[in-house]
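What's in final21.txt: compact mmCIF, C-alpha atoms and all ligand atoms
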```txt
# COMPACT_ATOMS: atom_id res chain seq x y z
CA MET A 1219 0.00 0.00 0.00
CA LYS A 1220 1.18 3.48 -0.91
CA ASP A 1221 1.29 6.09 1.79
CA ASP A 1222 -0.10 9.30 0.34
CA GLU A 1223 -3.34 11.23 -0.01
CA LYS A 1224 -4.05 10.24 -3.60
CA ASP A 1225 -7.14 8.04 -3.91
CA ILE A 1226 -6.97 7.61 -7.68
CA GLU A 1227 -3.78 7.51 -9.70
CA LEU A 1228 -2.62 6.42 -13.13
CA LYS A 1229 1.14 6.65 -13.63
CA ASN A 1230 2.63 6.33 -17.12
CA VAL A 1231 -0.11 3.96 -18.17
CA THR A 1232 -0.08 2.53 -21.67
CA VAL A 1233 -2.70 0.10 -22.93
CA LYS A 1234 -2.37 -1.67 -26.26
CA ILE A 1235 -5.00 -3.92 -27.72
CA ARG A 1236 -3.37 -6.02 -30.41
CA LYS A 1237 -1.34 -3.41 -32.29
CA ALA A 1238 -3.53 -0.42 -31.44
CA ILE A 1239 -2.42 1.98 -28.71
CA ILE A 1240 -5.62 2.73 -26.74
CA LEU A 1241 -3.97 4.72 -23.92
CA GLN A 1242 -0.55 6.26 -24.37
CA ASP A 1243 1.56 7.15 -21.36
CA ILE A 1244 -1.36 8.50 -19.33
CA ASN A 1245 -0.85 10.32 -16.01
CA PHE A 1246 -3.55 11.73 -13.76
CA TYR A 1247 -4.71 11.57 -10.17
CA ALA A 1248 -7.28 12.72 -7.62
CA GLN A 1249 -6.65 13.48 -3.97
CA HIS A 1250 -8.74 11.94 -1.22
CA GLY A 1251 -12.21 13.57 -1.07
CA GLU A 1252 -12.08 15.07 -4.56
CA ILE A 1253 -14.32 14.63 -7.57
CA LEU A 1254 -12.33 13.82 -10.72
CA ALA A 1255 -13.82 13.86 -14.21
CA ILE A 1256 -12.41 11.93 -17.13
CA ILE A 1257 -13.75 13.82 -20.15
CA GLY A 1258 -13.40 13.10 -23.84
CA GLY A 1259 -15.23 12.40 -27.08
CA SER A 1260 -16.36 9.00 -28.25
CA GLY A 1261 -13.43 6.57 -28.55
CA ALA A 1262 -11.06 8.82 -26.57
CA GLY A 1263 -10.22 6.02 -24.12
CA LYS A 1264 -12.41 6.96 -21.13
CA THR A 1265 -13.97 3.54 -20.55
CA THR A 1266 -10.57 1.91 -21.04
CA ALA A 1267 -9.12 4.20 -18.35
CA LEU A 1268 -11.97 3.17 -16.03
CA ARG A 1269 -11.37 -0.51 -16.83
CA VAL A 1270 -7.72 -0.04 -15.95
CA LEU A 1271 -8.73 1.56 -12.63
CA THR A 1272 -11.06 -1.32 -11.82
CA ALA A 1273 -8.48 -3.96 -12.80
CA GLN A 1274 -10.59 -5.29 -15.66
CA ILE A 1275 -7.66 -4.52 -17.97
CA LYS A 1276 -4.01 -4.87 -17.04
CA PRO A 1277 -2.00 -2.08 -18.66
CA ASN A 1278 1.01 -2.97 -20.81
CA GLU A 1279 2.99 -0.36 -18.92
CA GLY A 1280 2.57 1.83 -15.86
CA GLU A 1281 1.12 1.74 -12.37
CA VAL A 1282 -2.44 2.15 -11.13
CA TYR A 1283 -3.53 2.98 -7.58
CA LEU A 1284 -6.94 3.14 -5.93
CA ALA A 1285 -7.21 4.33 -2.33
CA GLY A 1286 -3.47 3.73 -2.06
CA TYR A 1287 -3.61 0.11 -3.25
CA ASN A 1288 -1.83 -1.09 -6.34
CA VAL A 1289 -4.79 -2.45 -8.31
CA ILE A 1290 -2.62 -4.85 -10.26
CA LYS A 1291 -0.74 -6.36 -7.32
CA GLU A 1292 -3.46 -5.99 -4.67
CA LYS A 1293 -6.52 -6.73 -6.80
CA GLU A 1294 -8.28 -8.58 -3.97
CA LYS A 1295 -8.62 -5.27 -2.07
CA LEU A 1296 -10.78 -3.71 -4.79
CA GLU A 1297 -14.08 -5.20 -3.65
CA GLU A 1298 -13.71 -3.46 -0.33
CA ILE A 1299 -12.51 -0.03 -1.49
CA MET A 1300 -14.31 0.49 -4.78
CA GLY A 1301 -17.87 1.17 -5.89
CA TYR A 1302 -18.75 1.05 -9.57
CA VAL A 1303 -21.75 2.40 -11.47
CA PRO A 1304 -21.80 1.06 -15.04
CA GLN A 1305 -23.03 3.06 -18.00
CA LEU A 1306 -26.41 1.39 -18.40
CA GLU A 1307 -28.47 1.28 -15.22
CA GLU A 1308 -30.50 -1.60 -16.67
CA VAL A 1309 -27.63 -4.01 -16.15
CA SER A 1310 -27.10 -3.02 -12.54
CA ALA A 1311 -30.60 -2.93 -11.05
CA TYR A 1312 -33.72 -5.12 -11.07
CA PRO A 1313 -36.72 -3.26 -12.53
CA GLU A 1314 -39.29 -5.17 -10.49
CA PHE A 1315 -37.51 -4.48 -7.19
CA SER A 1316 -37.78 -1.24 -5.26
CA ALA A 1317 -34.76 0.98 -4.56
CA LEU A 1318 -34.47 -0.50 -1.06
CA LYS A 1319 -34.82 -4.10 -2.25
CA ASN A 1320 -32.20 -3.55 -4.95
CA ALA A 1321 -29.86 -2.09 -2.33
CA TYR A 1322 -30.53 -5.10 -0.10
CA TYR A 1323 -29.89 -7.56 -2.94
CA PHE A 1324 -26.57 -5.96 -3.89
CA GLY A 1325 -25.53 -5.39 -0.26
CA LYS A 1326 -25.94 -9.11 0.40
CA MET A 1327 -23.25 -9.82 -2.19
CA TYR A 1328 -20.83 -8.06 0.14
CA ASP A 1329 -22.04 -10.18 3.08
CA LEU A 1330 -23.39 -7.13 4.85
CA PRO A 1331 -26.03 -7.67 7.58
CA LYS A 1332 -29.58 -6.72 6.57
CA ASN A 1333 -30.10 -3.93 9.10
CA GLN A 1334 -26.77 -2.35 8.14
CA ILE A 1335 -27.70 -2.42 4.45
CA GLU A 1336 -31.06 -0.82 5.15
CA THR A 1337 -29.64 1.97 7.34
CA ARG A 1338 -27.02 2.76 4.74
CA ALA A 1339 -29.40 2.55 1.78
CA ARG A 1340 -31.84 4.91 3.50
CA GLN A 1341 -29.05 7.37 4.30
CA ILE A 1342 -27.79 7.36 0.69
CA LEU A 1343 -31.27 7.51 -0.86
CA GLU A 1344 -32.15 10.42 1.38
CA ILE A 1345 -29.05 12.34 0.18
CA LEU A 1346 -30.13 11.40 -3.36
CA GLY A 1347 -33.50 13.08 -2.83
CA PHE A 1348 -35.66 9.98 -2.15
CA GLU A 1349 -37.67 11.66 0.53
CA THR A 1350 -40.71 9.46 0.91
CA GLU A 1351 -41.22 5.85 1.91
CA GLU A 1352 -43.29 5.45 -1.26
CA MET A 1353 -40.37 6.44 -3.51
CA MET A 1354 -38.00 4.05 -1.78
CA LYS A 1355 -40.48 1.17 -2.01
CA LYS A 1356 -42.00 1.32 -5.47
CA PRO A 1357 -40.61 -0.89 -8.28
CA ILE A 1358 -37.89 1.06 -9.99
CA ARG A 1359 -39.45 0.45 -13.43
CA GLU A 1360 -42.01 3.06 -12.29
CA LEU A 1361 -39.31 5.64 -11.57
CA SER A 1362 -38.12 8.33 -14.01
CA GLY A 1363 -34.79 8.05 -15.85
CA GLY A 1364 -33.06 10.40 -13.41
CA GLU A 1365 -34.47 8.52 -10.40
CA LYS A 1366 -33.33 5.15 -11.79
CA LYS A 1367 -29.88 6.58 -12.28
CA ARG A 1368 -29.86 7.61 -8.61
CA VAL A 1369 -30.80 4.07 -7.57
CA SER A 1370 -27.82 2.72 -9.50
CA ILE A 1371 -25.62 5.26 -7.70
CA CYS A 1372 -27.01 4.05 -4.35
CA ILE A 1373 -26.13 0.46 -5.31
CA GLY A 1374 -22.60 1.54 -6.22
CA LEU A 1375 -22.20 3.00 -2.73
CA ILE A 1376 -23.78 0.20 -0.71
CA ASN A 1377 -20.45 -1.37 0.34
CA ASN A 1378 -19.24 1.97 1.74
CA PRO A 1379 -16.39 2.31 -0.78
CA LYS A 1380 -13.58 4.84 -0.51
CA VAL A 1381 -13.77 5.52 -4.24
CA LEU A 1382 -16.88 5.58 -6.42
CA LEU A 1383 -16.37 5.26 -10.19
CA LEU A 1384 -19.18 6.12 -12.60
CA ASP A 1385 -19.18 5.51 -16.35
CA GLU A 1386 -21.15 8.28 -18.10
CA PRO A 1387 -23.70 8.88 -15.30
CA THR A 1388 -25.22 11.86 -17.14
CA THR A 1389 -25.35 10.49 -20.68
CA GLY A 1390 -28.83 10.31 -22.14
CA LEU A 1391 -30.35 12.63 -19.54
CA ASP A 1392 -31.89 16.04 -20.29
CA ALA A 1393 -29.80 19.10 -19.44
CA HIS A 1394 -31.55 19.82 -16.12
CA LEU A 1395 -31.28 16.15 -15.05
CA ARG A 1396 -27.58 16.09 -15.91
CA ILE A 1397 -27.05 19.01 -13.57
CA GLU A 1398 -29.28 17.39 -10.94
CA VAL A 1399 -27.24 14.15 -10.99
CA LEU A 1400 -23.98 16.11 -10.75
CA ASN A 1401 -25.33 18.08 -7.79
CA TYR A 1402 -26.39 14.85 -6.05
CA LEU A 1403 -22.91 13.42 -6.62
CA ARG A 1404 -21.43 16.56 -5.07
CA ASN A 1405 -23.70 16.11 -2.02
CA LEU A 1406 -22.67 12.47 -1.63
CA ASN A 1407 -19.04 13.47 -1.92
CA LYS A 1408 -19.45 16.09 0.83
CA ARG A 1409 -21.66 14.13 3.21
CA LEU A 1410 -19.99 10.69 2.88
CA GLY A 1411 -16.45 11.91 2.12
CA VAL A 1412 -16.24 9.50 -0.81
CA THR A 1413 -13.75 10.22 -3.61
CA ILE A 1414 -15.56 10.18 -6.95
CA CYS A 1415 -14.49 9.59 -10.55
CA ILE A 1416 -16.98 10.56 -13.25
CA VAL A 1417 -16.55 9.60 -16.89
CA SER A 1418 -18.29 12.03 -19.21
CA HIS A 1419 -18.34 13.35 -22.75
CA ASP A 1420 -19.76 16.72 -21.65
CA LEU A 1421 -17.39 19.55 -20.91
CA GLU A 1422 -20.04 21.05 -18.59
CA THR A 1423 -19.18 18.24 -16.12
CA ALA A 1424 -15.86 19.98 -15.48
CA ASP A 1425 -17.57 22.82 -13.59
CA PHE A 1426 -18.79 20.33 -10.95
CA CYS A 1427 -15.41 18.71 -10.39
CA ASP A 1428 -12.25 19.44 -8.39
CA ARG A 1429 -9.96 17.99 -10.99
CA ILE A 1430 -10.34 16.99 -14.61
CA VAL A 1431 -8.47 15.07 -17.22
CA ILE A 1432 -9.36 15.47 -20.87
CA LEU A 1433 -8.48 12.57 -23.11
CA ASP A 1434 -8.24 12.65 -26.87
CA ARG A 1435 -7.27 9.63 -28.95
CA GLY A 1436 -5.68 7.93 -25.97
CA LYS A 1437 -3.62 10.89 -24.78
CA VAL A 1438 -4.03 13.45 -22.00
CA VAL A 1439 -4.78 16.89 -23.48
CA VAL A 1440 -5.45 18.72 -20.24
CA PHE A 1441 -5.09 17.72 -16.59
CA GLY A 1442 -5.64 19.97 -13.59
CA GLN A 1443 -8.13 21.91 -11.49
CA PRO A 1444 -10.83 23.84 -13.41
CA SER A 1445 -10.56 26.75 -10.96
CA GLU A 1446 -6.83 27.05 -11.73
CA PHE A 1447 -7.40 27.08 -15.50
CA LEU A 1448 -9.90 29.92 -15.17
CA LYS A 1449 -7.22 32.01 -13.45
CA ASP A 1450 -5.34 32.02 -16.80
CA LEU A 1451 -8.12 34.14 -18.29
CA PRO A 1452 -8.06 37.94 -18.05
CA ASN A 1453 -9.76 39.15 -14.85
CA ASN A 1454 -9.87 35.54 -13.55
CA GLY A 1455 -12.53 34.73 -16.13
CA ARG A 1456 -14.92 37.56 -15.24
CA CYS A 1457 -16.30 38.64 -18.60
CA VAL A 1458 -19.29 40.17 -20.35
CA ARG A 1459 -22.03 38.17 -22.04
CA VAL A 1460 -23.47 40.16 -24.90
CA LYS A 1461 -26.64 39.21 -26.73
CA PHE A 1462 -27.69 40.67 -30.06
CA LYS A 1463 -31.01 40.46 -31.84
CA PHE A 1464 -29.03 39.38 -34.85
CA LEU A 1465 -25.29 38.82 -35.20
CA THR A 1466 -23.54 37.93 -38.45
CA VAL A 1467 -20.06 36.47 -38.89
CA GLU A 1468 -18.99 39.87 -40.25
CA GLY A 1469 -20.34 41.51 -37.09
CA GLN A 1470 -18.34 39.17 -34.89
CA ASN A 1471 -15.21 39.79 -36.98
CA LYS A 1472 -15.60 43.52 -36.38
CA ILE A 1473 -15.95 42.97 -32.62
CA GLU A 1474 -12.81 40.84 -32.60
CA LYS A 1475 -10.90 43.85 -33.96
CA ILE A 1476 -11.82 46.08 -30.98
CA LYS A 1477 -8.47 46.83 -29.39
CA SER A 1478 -9.53 46.75 -25.75
CA LEU A 1479 -10.73 43.14 -26.04
CA LYS A 1480 -8.58 40.07 -25.62
CA TYR A 1481 -10.95 37.23 -26.54
CA VAL A 1482 -14.35 37.07 -28.19
CA LEU A 1483 -16.13 33.74 -27.88
CA ASN A 1484 -19.34 32.73 -29.62
CA ILE A 1485 -21.39 30.76 -27.08
CA GLY A 1486 -24.61 30.29 -28.99
CA ARG A 1487 -26.97 31.97 -31.40
CA ASN A 1488 -26.36 35.72 -31.41
CA THR A 1489 -24.52 35.54 -28.08
CA LEU A 1490 -20.88 36.27 -27.29
CA LYS A 1491 -18.70 36.19 -24.22
CA ILE A 1492 -16.24 39.06 -24.38
CA PHE A 1493 -13.03 39.11 -22.37
CA PRO A 1494 -11.50 42.55 -21.90
CA LYS A 1495 -7.71 42.84 -21.83
CA THR A 1496 -7.48 44.21 -18.31
CA GLY A 1497 -9.39 44.72 -15.12
CA LYS A 1498 -13.07 45.34 -14.65
CA TYR A 1499 -14.84 46.32 -17.79
CA ASN A 1500 -16.83 49.48 -18.19
CA LEU A 1501 -20.13 48.34 -19.72
CA GLY A 1502 -20.93 51.87 -20.90
CA GLU A 1503 -17.68 52.06 -22.88
CA LEU A 1504 -18.29 48.63 -24.36
CA ILE A 1505 -21.76 49.65 -25.55
CA GLU A 1506 -20.26 52.77 -27.16
CA GLU A 1507 -17.61 50.73 -28.92
CA LEU A 1508 -20.25 48.37 -30.26
CA TYR A 1509 -22.43 51.23 -31.48
CA ALA A 1510 -19.34 52.76 -33.13
CA ILE A 1511 -19.03 49.69 -35.39
CA GLY A 1512 -22.75 49.67 -36.09
CA LEU A 1513 -23.85 46.91 -33.70
CA GLU A 1514 -26.64 47.17 -31.20
CA PRO A 1515 -26.50 44.77 -28.25
CA SER A 1516 -29.86 43.72 -26.77
CA GLU A 1517 -28.43 42.58 -23.43
CA LEU A 1518 -25.14 42.88 -21.54
CA THR A 1519 -24.41 40.96 -18.36
CA GLU A 1520 -21.23 40.51 -16.34
CA VAL A 1521 -20.70 36.76 -15.86
CA ASP A 1522 -17.96 34.26 -14.97
CA ALA A 1523 -16.39 32.07 -17.61
CA ASN A 1524 -16.90 28.34 -17.19
CA PHE A 1525 -14.55 25.53 -18.13
CA SER A 1526 -16.20 25.03 -21.55
CA ASP A 1527 -15.29 28.64 -22.42
CA TYR A 1528 -11.72 28.06 -21.33
CA PHE A 1529 -11.48 24.84 -23.32
CA ARG A 1530 -12.91 26.42 -26.45
CA LEU A 1531 -10.37 29.21 -26.23
CA LEU A 1532 -7.64 26.63 -25.69
CA SER A 1533 -8.66 24.58 -28.72
CA GLN A 1534 -8.84 27.75 -30.83
CA GLY A 1535 -5.22 28.47 -29.93
CA ALA A 1536 -5.90 31.44 -27.64
CA PHE A 1537 -3.07 30.51 -25.26
CA GLY A 1538 -0.43 29.78 -27.88
CA GLU A 1539 -0.26 26.57 -29.81
CA LYS A 1540 -3.52 25.59 -31.47
CA LYS A 1541 -4.69 22.21 -30.21
CA ASP A 1542 -6.25 19.83 -32.66
CA ILE A 1543 -8.97 18.46 -30.42
CA PHE A 1544 -11.99 16.95 -32.04
CA ASP A 1545 -15.22 15.34 -31.03
CA VAL A 1546 -15.75 16.82 -27.58
CA ASP A 1547 -19.28 18.06 -27.02
CA PHE A 1548 -19.75 21.65 -26.01
CA MET A 1549 -22.91 21.82 -23.98
N1 LIG B 1 -11.48 -4.67 -26.78
C1 LIG B 1 -11.13 -3.78 -27.71
N2 LIG B 1 -10.60 -4.18 -28.89
C2 LIG B 1 -10.23 -3.30 -29.83
N3 LIG B 1 -10.33 -1.98 -29.70
C3 LIG B 1 -10.87 -1.50 -28.57
C4 LIG B 1 -11.29 -2.37 -27.51
N4 LIG B 1 -11.78 -1.61 -26.50
C5 LIG B 1 -11.68 -0.34 -26.92
N5 LIG B 1 -11.14 -0.27 -28.14
C6 LIG B 1 -10.85 0.96 -28.91
O1 LIG B 1 -10.19 1.85 -28.06
C7 LIG B 1 -10.62 3.18 -28.24
C8 LIG B 1 -11.10 3.76 -26.92
O2 LIG B 1 -12.29 3.08 -26.49
P1 LIG B 1 -13.06 3.45 -25.17
O3 LIG B 1 -12.11 3.44 -24.02
O4 LIG B 1 -14.26 2.59 -25.08
O5 LIG B 1 -13.47 4.97 -25.48
P2 LIG B 1 -14.56 5.92 -24.81
O6 LIG B 1 -15.09 5.26 -23.58
O7 LIG B 1 -13.82 7.19 -24.54
O8 LIG B 1 -15.61 6.13 -25.85
C9 LIG B 1 -11.68 3.13 -29.31
O9 LIG B 1 -11.08 3.47 -30.53
C10 LIG B 1 -12.12 1.69 -29.31
O10 LIG B 1 -12.57 1.31 -30.58
MG MG B 2 -17.09 4.74 -22.96
```
As structure tokens:
Amino acid sequence: MKDDEKDIELKNVTVKIRKAIILQDINFYAQHGEILAIIGGSGAGKTTALRVLTAQIKPNEGEVYLAGYNVIKEKEKLEEIMGYVPQLEEVSAYPEFSALKNAYYFGKMYDLPKNQIETRARQILEILGFETEEMMKKPIRELSGGEKKRVSICIGLINNPKVLLLDEPTTGLDAHLRIEVLNYLRNLNKRLGVTICIVSHDLETADFCDRIVILDRGKVVVFGQPSEFLKDLPNNGRCVRVKFKFLTVEGQNKIEKIKSLKYVLNIGRNTLKIFPKTGKYNLGELIEELYAIGLEPSELTEVDANFSDYFRLLSQGAFGEKKDIFDVDFM
């Protein structure tokens, strides 16, 4: 066992399947009590990284640690320290059973006593927003997609693991449910002190996490703390969101030429985020500058940049070298 505070760690991990390199010299970690996101487009290597962490795949090179244990050499420890929530909740829960009965069924596999399983399941379900007896006791086939997902999270936590790993817990959910699941995971992390690893293809996940690693074609593109990345932006990411009734490409090109601005980012139809070169921006001056080039904003609001903004600027080459990153969803 390794004696440090890292609960999740991949060190120089390379995975080859036949001749293909699926992961190439990957390094990332999460400290105890953190939420880590592994983010990337389809085929980036996220599930493979998770399989390496759960000892389903032995890497060709490198070391892998979970809660301080070497998952290759001390594989037998995994059952005790790890919880896993697979991508499809259907494979992990019985539709005819209630949330409590599912928890009981899975808890039994860990030889836990019935009363202990029930106390724990109720505690977790309560944190997950299952407030009534009725919700905990109805067959989960009658629950909504978001509620079923929460039951599968409860099952993943039933053995009181130190580290909970989730493969795409927000995929297939509507935007508000994705945020709801991420908020519930944050609550579990705070209340139970469990270290969490979330695999996701949405960049928005980054804003809910302490640390993120972005994978692309088997390599690490970015690893670090989202809050630290935002400090690289002018004014620590404080910027102005400007909406127009109608904005053309030519209009945006003109705005990009305004000398007092450092970055101009299109974040949706007729909407920009504008990063001034220095300090707090004077909204009045900005409006004047826009009018001067013939553009009339319909709304200006001071807002904070999020990680998706940072990443878009990064991939456009705003901080130097242009990164050829493809297939990551911007949501
Ligand atoms: N068992 C396998 N045999 C061959 N190729 C595989 C295997 N598992 C994964 N791959 C390939 O490795 C790459 C990464 O896959 P995966 O880790 O599932 O990506 P992600 O979860 O990010 O979508 C993909 O190109 C995939 O086709
Ligand atoms: Mg996957």
Can you list, as JSON, numbers by chain, every protein, DNA or RNA residue that comes within 9 Å of segment 1375-1378 of chain A when you count only C-alpha atoms, leaving out same-chain residues fewer than 5 positions away?
{"A": [1297, 1298, 1299, 1300, 1301, 1302, 1303, 1321, 1322, 1324, 1325, 1328, 1330, 1335, 1338, 1339, 1342, 1370, 1410, 1412]}
Tell me which residues come within 7 Å of (-1.4, -7.3, -12.3), as a list in words, counting all atoms listed in the file in the file's coordinates.
Lys1276, Ile1290 and Lys1291 of chain A
At a cut-off of 9 Å, can you tabulate as CSV every residue of chain A near ligand LIG 1 (chain B) together with its closest atom pair and the distance in Å to one decimal, using only C-alpha atoms and all ligand atoms and ordering rows by chain then number?
```
residue,atom,partner,partner_atom,distance
A:Lys1234,CA,B:LIG1,N3,8.7
A:Ile1235,CA,B:LIG1,C2,5.7
A:Arg1236,CA,B:LIG1,C2,7.4
A:Ala1238,CA,B:LIG1,N3,7.2
A:Ile1239,CA,B:LIG1,O1,7.8
A:Ile1240,CA,B:LIG1,O1,4.8
A:Leu1241,CA,B:LIG1,C8,7.8
A:Ile1256,CA,B:LIG1,O7,8.9
A:Ile1257,CA,B:LIG1,O7,8.0
A:Gly1258,CA,B:LIG1,O7,6.0
A:Gly1259,CA,B:LIG1,O7,6.0
A:Ser1260,CA,B:LIG1,O8,3.8
A:Gly1261,CA,B:LIG1,O5,3.5
A:Ala1262,CA,B:LIG1,O7,3.8
A:Gly1263,CA,B:LIG1,O3,3.2
A:Lys1264,CA,B:LIG1,O7,3.7
A:Thr1265,CA,B:LIG1,O6,3.7
A:Thr1266,CA,B:LIG1,O3,3.7
A:Ala1267,CA,B:LIG1,O3,6.5
A:Leu1268,CA,B:LIG1,O3,8.0
A:Arg1269,CA,B:LIG1,O3,8.2
A:Asp1385,CA,B:LIG1,O6,8.3
A:Glu1386,CA,B:LIG1,O6,8.7
A:Val1417,CA,B:LIG1,O6,8.1
A:Ser1418,CA,B:LIG1,O7,8.5
A:His1419,CA,B:LIG1,O7,7.8
A:Leu1433,CA,B:LIG1,O7,7.7
A:Asp1434,CA,B:LIG1,O7,8.1
A:Arg1435,CA,B:LIG1,C8,7.3
A:Gly1436,CA,B:LIG1,C8,6.9
```
Hey, can you spit out that residue selection with C-alpha atoms as a PDB file, in the coordinates of the input?
```
ATOM      1  CA  LYS A1234      -2.370  -1.670 -26.260  1.00  0.00           C
ATOM      2  CA  ILE A1235      -5.000  -3.920 -27.720  1.00  0.00           C
ATOM      3  CA  ARG A1236      -3.370  -6.020 -30.410  1.00  0.00           C
ATOM      4  CA  ALA A1238      -3.530  -0.420 -31.440  1.00  0.00           C
ATOM      5  CA  ILE A1239      -2.420   1.980 -28.710  1.00  0.00           C
ATOM      6  CA  ILE A1240      -5.620   2.730 -26.740  1.00  0.00           C
ATOM      7  CA  LEU A1241      -3.970   4.720 -23.920  1.00  0.00           C
ATOM      8  CA  ILE A1256     -12.410  11.930 -17.130  1.00  0.00           C
ATOM      9  CA  ILE A1257     -13.750  13.820 -20.150  1.00  0.00           C
ATOM     10  CA  GLY A1258     -13.400  13.100 -23.840  1.00  0.00           C
ATOM     11  CA  GLY A1259     -15.230  12.400 -27.080  1.00  0.00           C
ATOM     12  CA  SER A1260     -16.360   9.000 -28.250  1.00  0.00           C
ATOM     13  CA  GLY A1261     -13.430   6.570 -28.550  1.00  0.00           C
ATOM     14  CA  ALA A1262     -11.060   8.820 -26.570  1.00  0.00           C
ATOM     15  CA  GLY A1263     -10.220   6.020 -24.120  1.00  0.00           C
ATOM     16  CA  LYS A1264     -12.410   6.960 -21.130  1.00  0.00           C
ATOM     17  CA  THR A1265     -13.970   3.540 -20.550  1.00  0.00           C
ATOM     18  CA  THR A1266     -10.570   1.910 -21.040  1.00  0.00           C
ATOM     19  CA  ALA A1267      -9.120   4.200 -18.350  1.00  0.00           C
ATOM     20  CA  LEU A1268     -11.970   3.170 -16.030  1.00  0.00           C
ATOM     21  CA  ARG A1269     -11.370  -0.510 -16.830  1.00  0.00           C
ATOM     22  CA  ASP A1385     -19.180   5.510 -16.350  1.00  0.00           C
ATOM     23  CA  GLU A1386     -21.150   8.280 -18.100  1.00  0.00           C
ATOM     24  CA  VAL A1417     -16.550   9.600 -16.890  1.00  0.00           C
ATOM     25  CA  SER A1418     -18.290  12.030 -19.210  1.00  0.00           C
ATOM     26  CA  HIS A1419     -18.340  13.350 -22.750  1.00  0.00           C
ATOM     27  CA  LEU A1433      -8.480  12.570 -23.110  1.00  0.00           C
ATOM     28  CA  ASP A1434      -8.240  12.650 -26.870  1.00  0.00           C
ATOM     29  CA  ARG A1435      -7.270   9.630 -28.950  1.00  0.00           C
ATOM     30  CA  GLY A1436      -5.680   7.930 -25.970  1.00  0.00           C
TER      31      GLY A1436
END
```
Pick out the residues sitting within 7 Å of Val1231 of chain A, and hand them over as a PyMOL selection string; count all atoms listed in the file, and ignore anything fewer than 3 positions along from it in its own chain.
chain A and resi 1228+1241-1245+1277+1279-1281
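When atom CA of Arg1340 of chain A is paired with atom CA of Ile1416 of chain A, their separation reads 23.1 Å.
For the set A:Leu1451, A:Leu1384, A:Met1327, A:Leu1361, the residue with the smallest atom-to-atom gap to ligand MG 2 (chain B) is A:Leu1384, counting only C-alpha atoms and all ligand atoms.
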In Å, with one decimal, what is the gap from atom CA of Ser1310 of chain A to atom CA of Ile1371 of chain A?
9.7 Å
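Atom CA of Ile1358 of chain A is found 6.3 Å from atom CA of Ala1317 of chain A.
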My list of candidates is A:Gln1305, A:Ser1316, A:Asn1453, A:Thr1272. Which is closest to ligand MG 2 (chain B) when distances are computed with only C-alpha atoms and all ligand atoms?
A:Gln1305
N, CA and C atoms are needed for segment 1403-1415 of chain A; please write them out as a PDB file, in the frame of the given file.
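Listing of part-v8.pdb after writing:
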```
ATOM      1  N   LEU A1403     -24.237  14.026  -6.825  1.00  0.00           N
ATOM      2  CA  LEU A1403     -22.910  13.420  -6.620  1.00  0.00           C
ATOM      3  C   LEU A1403     -22.051  14.306  -5.729  1.00  0.00           C
ATOM      4  N   ARG A1404     -22.185  15.608  -5.917  1.00  0.00           N
ATOM      5  CA  ARG A1404     -21.430  16.560  -5.070  1.00  0.00           C
ATOM      6  C   ARG A1404     -21.892  16.420  -3.609  1.00  0.00           C
ATOM      7  N   ASN A1405     -23.196  16.285  -3.392  1.00  0.00           N
ATOM      8  CA  ASN A1405     -23.700  16.110  -2.020  1.00  0.00           C
ATOM      9  C   ASN A1405     -23.189  14.830  -1.382  1.00  0.00           C
ATOM     10  N   LEU A1406     -23.188  13.742  -2.153  1.00  0.00           N
ATOM     11  CA  LEU A1406     -22.670  12.470  -1.630  1.00  0.00           C
ATOM     12  C   LEU A1406     -21.207  12.607  -1.260  1.00  0.00           C
ATOM     13  N   ASN A1407     -20.466  13.256  -2.146  1.00  0.00           N
ATOM     14  CA  ASN A1407     -19.040  13.470  -1.920  1.00  0.00           C
ATOM     15  C   ASN A1407     -18.803  14.246  -0.625  1.00  0.00           C
ATOM     16  N   LYS A1408     -19.603  15.277  -0.384  1.00  0.00           N
ATOM     17  CA  LYS A1408     -19.450  16.090   0.830  1.00  0.00           C
ATOM     18  C   LYS A1408     -19.893  15.344   2.071  1.00  0.00           C
ATOM     19  N   ARG A1409     -21.072  14.730   2.002  1.00  0.00           N
ATOM     20  CA  ARG A1409     -21.660  14.130   3.210  1.00  0.00           C
ATOM     21  C   ARG A1409     -20.978  12.810   3.585  1.00  0.00           C
ATOM     22  N   LEU A1410     -20.588  12.002   2.582  1.00  0.00           N
ATOM     23  CA  LEU A1410     -19.990  10.690   2.880  1.00  0.00           C
ATOM     24  C   LEU A1410     -18.458  10.724   2.796  1.00  0.00           C
ATOM     25  N   GLY A1411     -17.907  11.799   2.245  1.00  0.00           N
ATOM     26  CA  GLY A1411     -16.450  11.910   2.120  1.00  0.00           C
ATOM     27  C   GLY A1411     -15.863  10.966   1.082  1.00  0.00           C
ATOM     28  N   VAL A1412     -16.719  10.456   0.182  1.00  0.00           N
ATOM     29  CA  VAL A1412     -16.240   9.500  -0.810  1.00  0.00           C
ATOM     30  C   VAL A1412     -15.569  10.225  -1.982  1.00  0.00           C
ATOM     31  N   THR A1413     -14.437   9.694  -2.422  1.00  0.00           N
ATOM     32  CA  THR A1413     -13.750  10.220  -3.610  1.00  0.00           C
ATOM     33  C   THR A1413     -14.496   9.690  -4.836  1.00  0.00           C
ATOM     34  N   ILE A1414     -14.715  10.564  -5.814  1.00  0.00           N
ATOM     35  CA  ILE A1414     -15.560  10.180  -6.950  1.00  0.00           C
ATOM     36  C   ILE A1414     -14.830  10.392  -8.270  1.00  0.00           C
ATOM     37  N   CYS A1415     -15.012   9.448  -9.183  1.00  0.00           N
ATOM     38  CA  CYS A1415     -14.490   9.590 -10.550  1.00  0.00           C
ATOM     39  C   CYS A1415     -15.642   9.473 -11.527  1.00  0.00           C
TER      40      CYS A1415
END
```
